[in-house]
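**Q** If it helps, the file is called my_file_13.csv and holds CSV, C-alpha atoms and all ligand atoms:
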chain,number,residue,atom,x,y,z
A,15,MET,CA,38.3,-41.7,-32.5
A,16,ASP,CA,42.0,-41.2,-33.2
A,17,LEU,CA,43.0,-43.5,-36.0
A,18,GLY,CA,46.6,-43.4,-34.9
A,19,LEU,CA,47.8,-42.6,-38.4
A,20,SER,CA,49.7,-39.4,-37.6
A,21,GLY,CA,53.4,-39.7,-38.6
A,22,ARG,CA,52.9,-43.2,-40.0
A,23,VAL,CA,54.3,-44.0,-43.5
A,24,PHE,CA,52.5,-45.8,-46.3
A,25,VAL,CA,53.4,-46.8,-49.8
A,26,VAL,CA,50.4,-46.3,-52.2
A,27,THR,CA,50.8,-47.8,-55.6
A,28,GLY,CA,48.5,-46.6,-58.3
A,29,GLY,CA,48.4,-43.5,-56.1
A,30,SER,CA,48.2,-40.9,-58.8
A,31,SER,CA,44.4,-41.2,-59.4
A,32,GLY,CA,41.2,-43.0,-58.6
A,33,LEU,CA,41.0,-45.2,-55.5
A,34,GLY,CA,44.8,-45.0,-54.8
A,35,LEU,CA,44.8,-41.2,-54.7
A,36,ALA,CA,41.6,-41.1,-52.7
A,37,THR,CA,43.2,-43.4,-50.1
A,38,ALA,CA,46.4,-41.3,-50.1
A,39,ARG,CA,44.3,-38.2,-49.5
A,40,ALA,CA,42.5,-39.8,-46.5
A,41,LEU,CA,45.8,-41.0,-45.1
A,42,ALA,CA,47.4,-37.6,-45.5
A,43,ALA,CA,44.4,-35.9,-44.0
A,44,GLU,CA,45.0,-37.9,-40.9
A,45,GLY,CA,48.7,-36.9,-40.8
A,46,ALA,CA,50.2,-40.0,-42.4
A,47,ARG,CA,53.1,-39.6,-44.8
A,48,THR,CA,53.1,-41.3,-48.2
A,49,VAL,CA,55.2,-42.6,-51.0
A,50,ILE,CA,52.9,-42.7,-54.1
A,51,SER,CA,53.7,-44.3,-57.5
A,52,SER,CA,52.3,-44.9,-60.9
A,53,ARG,CA,53.6,-45.0,-64.5
A,54,ASP,CA,52.9,-41.5,-65.7
A,55,LYS,CA,55.2,-38.8,-64.4
A,56,GLU,CA,52.8,-35.9,-64.9
A,57,LYS,CA,50.0,-37.7,-63.0
A,58,VAL,CA,52.5,-38.5,-60.2
A,59,ASP,CA,53.7,-34.9,-60.0
A,60,ARG,CA,50.2,-33.5,-59.9
A,61,ALA,CA,49.1,-35.9,-57.1
A,62,VAL,CA,52.3,-35.1,-55.1
A,63,ALA,CA,51.6,-31.4,-55.4
A,64,GLU,CA,48.1,-31.9,-54.1
A,65,LEU,CA,48.9,-34.3,-51.3
A,66,SER,CA,51.9,-32.3,-50.1
A,67,ARG,CA,49.5,-29.6,-49.0
A,68,LEU,CA,48.1,-32.1,-46.5
A,69,SER,CA,51.1,-34.0,-45.3
A,70,PRO,CA,54.7,-34.9,-46.5
A,71,THR,CA,54.5,-36.8,-49.8
A,72,VAL,CA,57.0,-38.1,-52.3
A,73,GLY,CA,56.2,-39.7,-55.6
A,74,THR,CA,58.0,-41.9,-58.1
A,75,VAL,CA,57.3,-43.3,-61.5
A,76,ALA,CA,57.1,-47.1,-61.2
A,77,ASP,CA,55.2,-49.8,-63.0
A,78,LEU,CA,53.7,-52.4,-60.6
A,79,ALA,CA,54.6,-55.1,-63.2
A,80,ASP,CA,58.3,-54.3,-62.8
A,81,PRO,CA,59.9,-56.8,-60.4
A,82,GLY,CA,62.1,-54.0,-59.0
A,83,THR,CA,59.2,-51.8,-58.0
A,84,PRO,CA,58.5,-53.0,-54.5
A,85,GLY,CA,62.1,-52.8,-53.4
A,86,ARG,CA,62.5,-49.3,-54.9
A,87,LEU,CA,59.4,-48.1,-53.1
A,88,LEU,CA,60.6,-49.4,-49.8
A,89,ASP,CA,64.1,-47.9,-50.3
A,90,LEU,CA,62.5,-44.5,-51.1
A,91,ALA,CA,60.4,-44.6,-48.0
A,92,ALA,CA,63.4,-45.6,-45.9
A,93,GLU,CA,65.6,-42.9,-47.4
A,94,VAL,CA,63.0,-40.1,-47.1
A,95,TYR,CA,61.1,-41.0,-43.9
A,96,GLY,CA,63.3,-43.7,-42.2
A,97,GLN,CA,60.3,-46.1,-41.8
A,98,VAL,CA,57.4,-47.9,-43.5
A,99,ASP,CA,54.1,-48.9,-41.7
A,100,GLY,CA,52.1,-50.3,-44.6
A,101,ALA,CA,50.9,-50.2,-48.1
A,102,LEU,CA,47.9,-49.8,-50.3
A,103,VAL,CA,48.3,-51.8,-53.5
A,104,SER,CA,46.2,-50.5,-56.3
A,105,VAL,CA,46.9,-50.8,-60.1
A,106,GLY,CA,45.0,-50.2,-63.3
A,107,GLY,CA,42.2,-52.7,-63.9
A,108,PRO,CA,42.2,-55.4,-66.5
A,109,PRO,CA,40.6,-54.7,-69.9
A,110,PRO,CA,36.9,-55.4,-70.4
A,111,GLY,CA,35.6,-58.4,-72.3
A,112,THR,CA,34.5,-61.9,-71.4
A,113,ALA,CA,37.0,-64.5,-70.2
A,114,ALA,CA,36.5,-66.4,-73.5
A,115,SER,CA,37.2,-63.4,-75.7
A,116,ALA,CA,40.4,-62.2,-74.0
A,117,ASP,CA,43.5,-63.5,-75.8
A,118,ASP,CA,46.7,-64.9,-74.3
A,119,GLU,CA,48.4,-61.5,-74.5
A,120,GLN,CA,45.6,-59.8,-72.6
A,121,TRP,CA,45.6,-62.5,-69.9
A,122,ARG,CA,49.4,-62.4,-69.6
A,123,ALA,CA,49.6,-58.6,-69.4
A,124,ALA,CA,46.8,-58.5,-66.7
A,125,PHE,CA,48.5,-61.3,-64.8
A,126,GLU,CA,51.8,-59.5,-64.7
A,127,SER,CA,50.5,-56.2,-63.4
A,128,VAL,CA,47.1,-57.0,-61.6
A,129,PHE,CA,48.1,-60.3,-60.1
A,130,LEU,CA,51.8,-60.9,-59.9
A,131,GLY,CA,52.6,-57.2,-59.4
A,132,ALA,CA,50.2,-57.1,-56.4
A,133,VAL,CA,51.4,-60.4,-54.9
A,134,ARG,CA,55.1,-59.3,-55.3
A,135,CYS,CA,54.4,-55.9,-53.7
A,136,ALA,CA,52.4,-57.3,-50.8
A,137,ARG,CA,54.8,-60.1,-50.0
A,138,THR,CA,57.8,-57.8,-50.2
A,139,VAL,CA,56.2,-55.2,-47.9
A,140,ALA,CA,54.9,-57.9,-45.5
A,141,ALA,CA,58.4,-59.4,-45.2
A,142,HIS,CA,59.8,-55.9,-44.5
A,143,LEU,CA,57.2,-55.1,-41.9
A,144,ALA,CA,57.7,-58.5,-40.2
A,145,GLU,CA,61.4,-57.7,-39.6
A,146,GLY,CA,61.8,-57.2,-35.9
A,147,ASP,CA,58.0,-57.7,-35.5
A,148,ARG,CA,57.4,-54.0,-36.2
A,149,GLY,CA,54.0,-54.8,-37.7
A,150,GLY,CA,51.8,-52.8,-40.0
A,151,ALA,CA,49.0,-53.3,-42.6
A,152,ILE,CA,48.7,-54.0,-46.3
A,153,GLY,CA,45.5,-53.5,-48.3
A,154,LEU,CA,45.0,-54.9,-51.7
A,155,VAL,CA,42.5,-53.0,-53.9
A,156,LEU,CA,40.6,-55.9,-55.5
A,157,SER,CA,36.9,-55.8,-56.7
A,158,SER,CA,33.5,-57.2,-55.9
A,159,SER,CA,34.4,-59.8,-58.6
A,160,ALA,CA,36.5,-61.5,-55.8
A,161,ARG,CA,33.1,-62.7,-54.5
A,162,SER,CA,30.7,-62.6,-57.5
A,163,PRO,CA,31.4,-62.3,-61.2
A,164,ILE,CA,30.9,-59.0,-63.1
A,165,THR,CA,29.4,-59.5,-66.5
A,166,GLY,CA,31.9,-58.3,-69.2
A,167,LEU,CA,35.0,-58.3,-66.9
A,168,GLY,CA,36.2,-61.9,-67.4
A,169,ILE,CA,39.8,-61.3,-66.6
A,170,SER,CA,38.9,-59.5,-63.3
A,171,ASN,CA,36.6,-62.4,-62.5
A,172,GLY,CA,39.5,-64.8,-63.1
A,173,LEU,CA,42.2,-62.9,-61.1
A,174,ARG,CA,40.5,-61.2,-58.2
A,175,PRO,CA,39.3,-64.3,-56.3
A,176,GLY,CA,42.9,-65.6,-56.3
A,177,LEU,CA,44.2,-62.4,-55.0
A,178,ALA,CA,41.7,-62.4,-52.1
A,179,MET,CA,43.0,-65.8,-51.2
A,180,VAL,CA,46.6,-64.6,-51.4
A,181,ALA,CA,45.7,-61.8,-49.0
A,182,LYS,CA,44.3,-64.5,-46.6
A,183,ASP,CA,47.4,-66.6,-47.0
A,184,LEU,CA,49.8,-63.7,-46.3
A,185,ALA,CA,47.6,-62.8,-43.3
A,186,ASP,CA,48.1,-66.3,-41.9
A,187,GLU,CA,51.8,-66.2,-42.4
A,188,TYR,CA,52.5,-62.7,-41.1
A,189,GLY,CA,49.8,-62.4,-38.4
A,190,PRO,CA,52.2,-63.6,-35.7
A,191,HIS,CA,54.5,-60.7,-36.6
A,192,GLY,CA,51.7,-58.1,-36.2
A,193,VAL,CA,51.3,-57.6,-40.0
A,194,ARG,CA,47.7,-57.4,-41.2
A,195,VAL,CA,46.8,-58.1,-44.8
A,196,LEU,CA,43.3,-57.6,-46.3
A,197,GLY,CA,41.4,-57.0,-49.5
A,198,LEU,CA,39.1,-54.1,-50.4
A,199,LEU,CA,36.3,-54.9,-52.7
A,200,PRO,CA,35.1,-51.7,-54.5
A,201,GLY,CA,31.7,-52.1,-56.3
A,202,ARG,CA,31.2,-49.1,-58.6
A,203,ILE,CA,33.1,-46.0,-57.4
A,204,ALA,CA,33.1,-42.9,-59.7
A,205,THR,CA,36.7,-42.9,-60.9
A,206,GLU,CA,38.3,-42.5,-64.4
A,207,ARG,CA,38.2,-46.3,-64.8
A,208,THR,CA,34.5,-46.5,-64.1
A,209,ALA,CA,33.8,-43.6,-66.5
A,210,ALA,CA,35.9,-45.4,-69.2
A,211,LEU,CA,34.0,-48.7,-68.7
A,212,ASP,CA,30.7,-46.9,-69.0
A,213,ARG,CA,31.7,-44.8,-72.0
A,214,GLY,CA,30.2,-46.0,-75.3
A,215,ARG,CA,27.7,-48.2,-73.5
A,216,PRO,CA,24.7,-45.9,-72.8
A,217,ASP,CA,22.8,-48.5,-70.7
A,218,ALA,CA,25.8,-49.6,-68.6
A,219,ARG,CA,25.3,-47.0,-65.9
A,220,GLU,CA,21.5,-47.6,-65.7
A,221,ARG,CA,22.0,-51.3,-65.4
A,222,ALA,CA,24.7,-50.9,-62.7
A,223,LEU,CA,22.6,-48.5,-60.7
A,224,ALA,CA,19.7,-50.9,-60.7
A,225,GLY,CA,21.8,-53.4,-58.8
A,226,ILE,CA,23.1,-51.0,-56.1
A,227,PRO,CA,20.7,-50.7,-53.1
A,228,MET,CA,22.0,-47.2,-52.4
A,229,GLY,CA,21.0,-46.2,-55.9
A,230,ARG,CA,24.3,-44.4,-56.8
A,231,TYR,CA,27.9,-44.9,-57.5
A,232,GLY,CA,30.3,-44.4,-54.6
A,233,GLU,CA,32.5,-41.4,-54.4
A,234,PRO,CA,36.3,-42.0,-54.3
A,235,GLU,CA,36.6,-40.4,-50.8
A,236,GLU,CA,34.0,-42.9,-49.5
A,237,PHE,CA,36.4,-45.7,-50.5
A,238,GLY,CA,39.5,-43.8,-49.3
A,239,ARG,CA,38.1,-43.3,-45.8
A,240,VAL,CA,37.4,-47.0,-45.4
A,241,ALA,CA,40.8,-48.0,-46.8
A,242,ALA,CA,42.6,-45.5,-44.5
A,243,PHE,CA,40.7,-46.9,-41.4
A,244,LEU,CA,41.6,-50.4,-42.3
A,245,LEU,CA,45.3,-49.5,-42.7
A,246,SER,CA,45.3,-47.7,-39.4
A,247,PRO,CA,46.1,-49.0,-35.9
A,248,ALA,CA,42.4,-48.4,-35.1
A,249,ALA,CA,41.6,-51.5,-37.2
A,250,SER,CA,44.3,-53.5,-35.3
A,251,TYR,CA,42.2,-56.8,-35.1
A,252,VAL,CA,41.0,-56.8,-38.7
A,253,THR,CA,43.0,-59.1,-41.0
A,254,GLY,CA,42.7,-62.0,-43.5
A,255,THR,CA,39.4,-60.8,-44.8
A,256,SER,CA,38.0,-58.7,-47.7
A,257,ILE,CA,35.8,-55.7,-47.1
A,258,PRO,CA,33.2,-54.6,-49.7
A,259,VAL,CA,32.7,-50.9,-50.4
A,260,ASP,CA,29.8,-51.2,-52.8
A,261,GLY,CA,26.7,-49.5,-51.6
A,262,GLY,CA,25.2,-53.0,-50.8
A,263,ALA,CA,25.5,-54.4,-54.3
A,264,LEU,CA,27.1,-57.7,-53.5
A,265,ARG,CA,24.6,-60.5,-53.2
A,266,THR,CA,26.6,-62.2,-50.4
A,267,PRO,CA,26.5,-61.0,-46.8
B,301,LIG,N1,36.6,-47.7,-59.5
B,301,LIG,C1,35.8,-48.8,-59.2
B,301,LIG,O1,34.6,-48.7,-59.1
B,301,LIG,C2,36.5,-50.1,-59.2
B,301,LIG,C3,35.6,-51.3,-59.0
B,301,LIG,C4,36.2,-52.5,-58.9
B,301,LIG,C5,37.6,-52.7,-59.0
B,301,LIG,N2,38.4,-51.6,-59.2
B,301,LIG,C6,39.8,-51.8,-59.3
B,301,LIG,O2,40.5,-50.9,-58.5
B,301,LIG,C7,41.8,-50.6,-59.1
B,301,LIG,C8,41.9,-49.0,-59.1
B,301,LIG,O3,40.8,-48.6,-59.9
B,301,LIG,P1,40.6,-47.0,-60.2
B,301,LIG,O4,39.1,-46.9,-60.4
B,301,LIG,O5,41.2,-46.2,-59.1
B,301,LIG,O6,41.3,-46.8,-61.5
B,301,LIG,P2,42.0,-45.5,-62.2
B,301,LIG,O7,41.3,-44.3,-61.8
B,301,LIG,O8,42.2,-45.9,-63.6
B,301,LIG,O9,43.4,-45.5,-61.4
B,301,LIG,C9,44.4,-46.4,-61.6
B,301,LIG,C10,45.7,-46.0,-61.0
B,301,LIG,O10,46.7,-47.0,-61.2
B,301,LIG,C11,47.8,-46.5,-61.9
B,301,LIG,N3,48.3,-47.6,-62.7
B,301,LIG,C12,47.7,-48.2,-63.7
B,301,LIG,N4,48.5,-49.2,-64.2
B,301,LIG,C13,49.6,-49.3,-63.4
B,301,LIG,C14,50.8,-50.1,-63.3
B,301,LIG,N5,50.9,-51.1,-64.2
B,301,LIG,N6,51.7,-49.8,-62.4
B,301,LIG,C15,51.5,-48.8,-61.5
B,301,LIG,N7,50.4,-48.0,-61.5
B,301,LIG,C16,49.5,-48.2,-62.4
B,301,LIG,C17,47.3,-45.3,-62.7
B,301,LIG,O11,48.3,-44.3,-63.0
B,301,LIG,P3,49.2,-44.5,-64.3
B,301,LIG,O12,48.4,-44.5,-65.5
B,301,LIG,O13,50.1,-43.2,-64.2
B,301,LIG,O14,50.0,-45.7,-64.2
B,301,LIG,C18,46.3,-44.7,-61.7
B,301,LIG,O15,47.0,-44.0,-60.8
B,301,LIG,C19,41.7,-51.2,-60.5
B,301,LIG,O16,42.5,-52.4,-60.4
B,301,LIG,C20,40.3,-51.5,-60.7
B,301,LIG,O17,40.0,-52.5,-61.6
B,301,LIG,C21,37.8,-50.3,-59.3
Represent the structure contained in this file as structure tokens.
Ligand SMILES: NC(=O)c1ccc[n+]([C@@H]2O[C@H](COP(=O)([O-])OP(=O)(O)OC[C@H]3O[C@@H](n4cnc5c(N)ncnc54)[C@H](OP(=O)(O)O)[C@@H]3O)[C@@H](O)[C@H]2O)c1
**A**
Amino acid sequence: MDLGLSGRVFVVTGGSSGLGLATARALAAEGARTVISSRDKEKVDRAVAELSRLSPTVGTVADLADPGTPGRLLDLAAEVYGQVDGALVSVGGPPPGTAASADDEQWRAAFESVFLGAVRCARTVAAHLAEGDRGGAIGLVLSSSARSPITGLGISNGLRPGLAMVAKDLADEYGPHGVRVLGLLPGRIATERTAALDRGRPDARERALAGIPMGRYGEPEEFGRVAAFLLSPAASYVTGTSIPVDGGALRTP
């Protein structure tokens, strides 16, 4: 099957590592061109060097919490490639802890980057894609917590369900313009974040594995391939929904 990604252009935030980088790799392997961003210049440069071996790639340092970031990313894509066909919006996850134990500052910081940063980026890219009914696709990297709470990740439990509903809302508004918007719900994929969450809690991995029917953590490329498919024209009738990539862990169908 031809995914139809060759020559298309995608913005990938949080694209310097983990699920963002894995998606950028899968897109680049199919001939798509990317603009990747994150906060750390060294990480961005390293990812650009790797991805450029597969397909044209540019990178920039940008914090998703910064209101100017979405516009800057679109301008860069227009300047370098002359077009944009979609975006994957990923960002560092909120800190661990229960909803009750997180203080106002932790809630506020997570809201600014994880929630408002993602909403602002998705709505800015959606409005751009809708101009002239060019169409395209936007994927929000959320979490299985959008459907079922994860013990010890209270802020994620608070913010992700709302983001899944925002994706649905944007899909309603922009569907008539050919713009698809969807959520991706990783369960436990072996990235730096997952390793950090497991570190110092020797039983965390064992307990997580017990709840995954496939009996293992996912590999980043297993997530990246699903995300690249959903962003591609091959998934042209999929929108307004959230797709788990979790080895069967979610207790909802
Ligand atoms: N991995 C999983 O199993 C899993 C499961 C459920 C949900 N998730 C969620 O999926 C998202 C990605 O997770 P991951 O595992 O890929 O994490 P990761 O390996 O830590 O990667 C996060 C990426 O986002 C960038 N980033 C962090 N904060 C940012 C900000 N404010 N603005 C722009 N870029 C930022 C990081 O680079 P810089 O440090 O350079 O900014 C990095 O490139 C997170 O929100 C996480 O909570 C992951």
**Q** At a cut-off of 12 Å, using only C-alpha atoms, what residues contact Ala242 in chain A? Leave out same-chain residues fewer than 2 positions from it and give the result as number ranges by chain.
**A** A: 17-20, 22-24, 26, 33-46, 48, 100-102, 151-153, 198, 235-240, 244-249
**Q** Enter the distance from CA of Ala181 in chain A to CA of Arg134 in chain A, in Å, rounded to one decimal.
**A** 11.6 Å
**Q** Counting all atoms listed in the file, which of A:Leu167, A:Ile50, A:Val72, A:Leu143 gets nearest to Pro108 in chain A?
**A** A:Leu167
**Q** (48.8, -42.0, -59.4) in this file's frame - what residues fall within 7 Å of it? Use all atoms listed in the file and give the answer as an mmCIF file with C-alpha atoms, in the frame of the given file.
**A**
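Once written, point.cif looks like this:
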data_model
loop_
_atom_site.group_PDB
_atom_site.id
_atom_site.type_symbol
_atom_site.label_atom_id
_atom_site.label_comp_id
_atom_site.auth_asym_id
_atom_site.auth_seq_id
_atom_site.Cartn_x
_atom_site.Cartn_y
_atom_site.Cartn_z
ATOM 1 C CA GLY A 28 48.500 -46.600 -58.300
ATOM 2 C CA GLY A 29 48.400 -43.500 -56.100
ATOM 3 C CA SER A 30 48.200 -40.900 -58.800
ATOM 4 C CA SER A 31 44.400 -41.200 -59.400
ATOM 5 C CA GLY A 34 44.800 -45.000 -54.800
ATOM 6 C CA LEU A 35 44.800 -41.200 -54.700
ATOM 7 C CA ILE A 50 52.900 -42.700 -54.100
ATOM 8 C CA SER A 51 53.700 -44.300 -57.500
ATOM 9 C CA SER A 52 52.300 -44.900 -60.900
ATOM 10 C CA LYS A 57 50.000 -37.700 -63.000
ATOM 11 C CA VAL A 58 52.500 -38.500 -60.200
ATOM 12 C CA ALA A 61 49.100 -35.900 -57.100
#
**Q** When you look at range 158-160 of chain A with a cut-off of 10 Å (counting all atoms listed in the file), what residues show up, excluding the ones that are within fewer than 6 positions of it in the same chain? I need them as an mmCIF file with C-alpha atoms, keeping the file's coordinate frame.
**A**
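That gives us result-v3.cif:
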data_model
loop_
_atom_site.group_PDB
_atom_site.id
_atom_site.type_symbol
_atom_site.label_atom_id
_atom_site.label_comp_id
_atom_site.auth_asym_id
_atom_site.auth_seq_id
_atom_site.Cartn_x
_atom_site.Cartn_y
_atom_site.Cartn_z
ATOM 1 C CA LEU A 167 35.000 -58.300 -66.900
ATOM 2 C CA GLY A 168 36.200 -61.900 -67.400
ATOM 3 C CA ILE A 169 39.800 -61.300 -66.600
ATOM 4 C CA SER A 170 38.900 -59.500 -63.300
ATOM 5 C CA ASN A 171 36.600 -62.400 -62.500
ATOM 6 C CA GLY A 172 39.500 -64.800 -63.100
ATOM 7 C CA LEU A 173 42.200 -62.900 -61.100
ATOM 8 C CA ARG A 174 40.500 -61.200 -58.200
ATOM 9 C CA PRO A 175 39.300 -64.300 -56.300
ATOM 10 C CA GLY A 176 42.900 -65.600 -56.300
ATOM 11 C CA LEU A 177 44.200 -62.400 -55.000
ATOM 12 C CA ALA A 178 41.700 -62.400 -52.100
ATOM 13 C CA MET A 179 43.000 -65.800 -51.200
ATOM 14 C CA GLY A 197 41.400 -57.000 -49.500
ATOM 15 C CA LEU A 198 39.100 -54.100 -50.400
ATOM 16 C CA LEU A 199 36.300 -54.900 -52.700
ATOM 17 C CA PRO A 200 35.100 -51.700 -54.500
ATOM 18 C CA GLY A 201 31.700 -52.100 -56.300
ATOM 19 C CA ARG A 202 31.200 -49.100 -58.600
ATOM 20 C CA SER A 256 38.000 -58.700 -47.700
ATOM 21 C CA ILE A 257 35.800 -55.700 -47.100
ATOM 22 C CA PRO A 258 33.200 -54.600 -49.700
ATOM 23 C CA VAL A 259 32.700 -50.900 -50.400
ATOM 24 C CA ASP A 260 29.800 -51.200 -52.800
ATOM 25 C CA ALA A 263 25.500 -54.400 -54.300
ATOM 26 C CA LEU A 264 27.100 -57.700 -53.500
ATOM 27 C CA ARG A 265 24.600 -60.500 -53.200
#
**Q** Please reconstruct the missing atoms of range 130-142 of chain A (target: N, CA, C and O atoms) and return them as a compact mmCIF listing (two decimals), in the frame of the given file.
**A**
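Below is the file that was written, part-v2.txt:
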# COMPACT_ATOMS: atom_id res chain seq x y z
N LEU A 130 50.47 -60.71 -60.41
CA LEU A 130 51.80 -60.90 -59.90
C LEU A 130 52.39 -59.63 -59.30
O LEU A 130 53.08 -59.66 -58.27
N GLY A 131 52.10 -58.49 -59.95
CA GLY A 131 52.60 -57.20 -59.40
C GLY A 131 52.08 -56.98 -58.01
O GLY A 131 52.83 -56.56 -57.12
N ALA A 132 50.81 -57.26 -57.78
CA ALA A 132 50.20 -57.10 -56.40
C ALA A 132 50.78 -58.06 -55.44
O ALA A 132 51.11 -57.71 -54.30
N VAL A 133 50.90 -59.33 -55.86
CA VAL A 133 51.40 -60.40 -54.90
C VAL A 133 52.87 -60.01 -54.55
O VAL A 133 53.24 -60.06 -53.36
N ARG A 134 53.67 -59.64 -55.54
CA ARG A 134 55.10 -59.30 -55.30
C ARG A 134 55.20 -58.15 -54.32
O ARG A 134 56.00 -58.15 -53.38
N CYS A 135 54.38 -57.13 -54.56
CA CYS A 135 54.40 -55.90 -53.70
C CYS A 135 54.00 -56.28 -52.28
O CYS A 135 54.66 -55.92 -51.30
N ALA A 136 52.89 -57.01 -52.18
CA ALA A 136 52.40 -57.30 -50.80
C ALA A 136 53.35 -58.21 -50.07
O ALA A 136 53.61 -57.97 -48.89
N ARG A 137 53.93 -59.21 -50.74
CA ARG A 137 54.80 -60.10 -50.00
C ARG A 137 56.13 -59.40 -49.61
O ARG A 137 56.71 -59.66 -48.55
N THR A 138 56.59 -58.49 -50.48
CA THR A 138 57.80 -57.80 -50.20
C THR A 138 57.63 -56.82 -48.99
O THR A 138 58.44 -56.76 -48.06
N VAL A 139 56.51 -56.09 -49.02
CA VAL A 139 56.20 -55.20 -47.90
C VAL A 139 55.97 -55.95 -46.63
O VAL A 139 56.43 -55.58 -45.55
N ALA A 140 55.23 -57.07 -46.74
CA ALA A 140 54.90 -57.90 -45.50
C ALA A 140 56.23 -58.38 -44.90
O ALA A 140 56.39 -58.30 -43.67
N ALA A 141 57.14 -58.88 -45.71
CA ALA A 141 58.40 -59.40 -45.20
C ALA A 141 59.17 -58.26 -44.47
O ALA A 141 59.75 -58.44 -43.39
N HIS A 142 59.13 -57.07 -45.06
CA HIS A 142 59.80 -55.90 -44.50
C HIS A 142 59.18 -55.53 -43.12
O HIS A 142 59.87 -55.29 -42.14
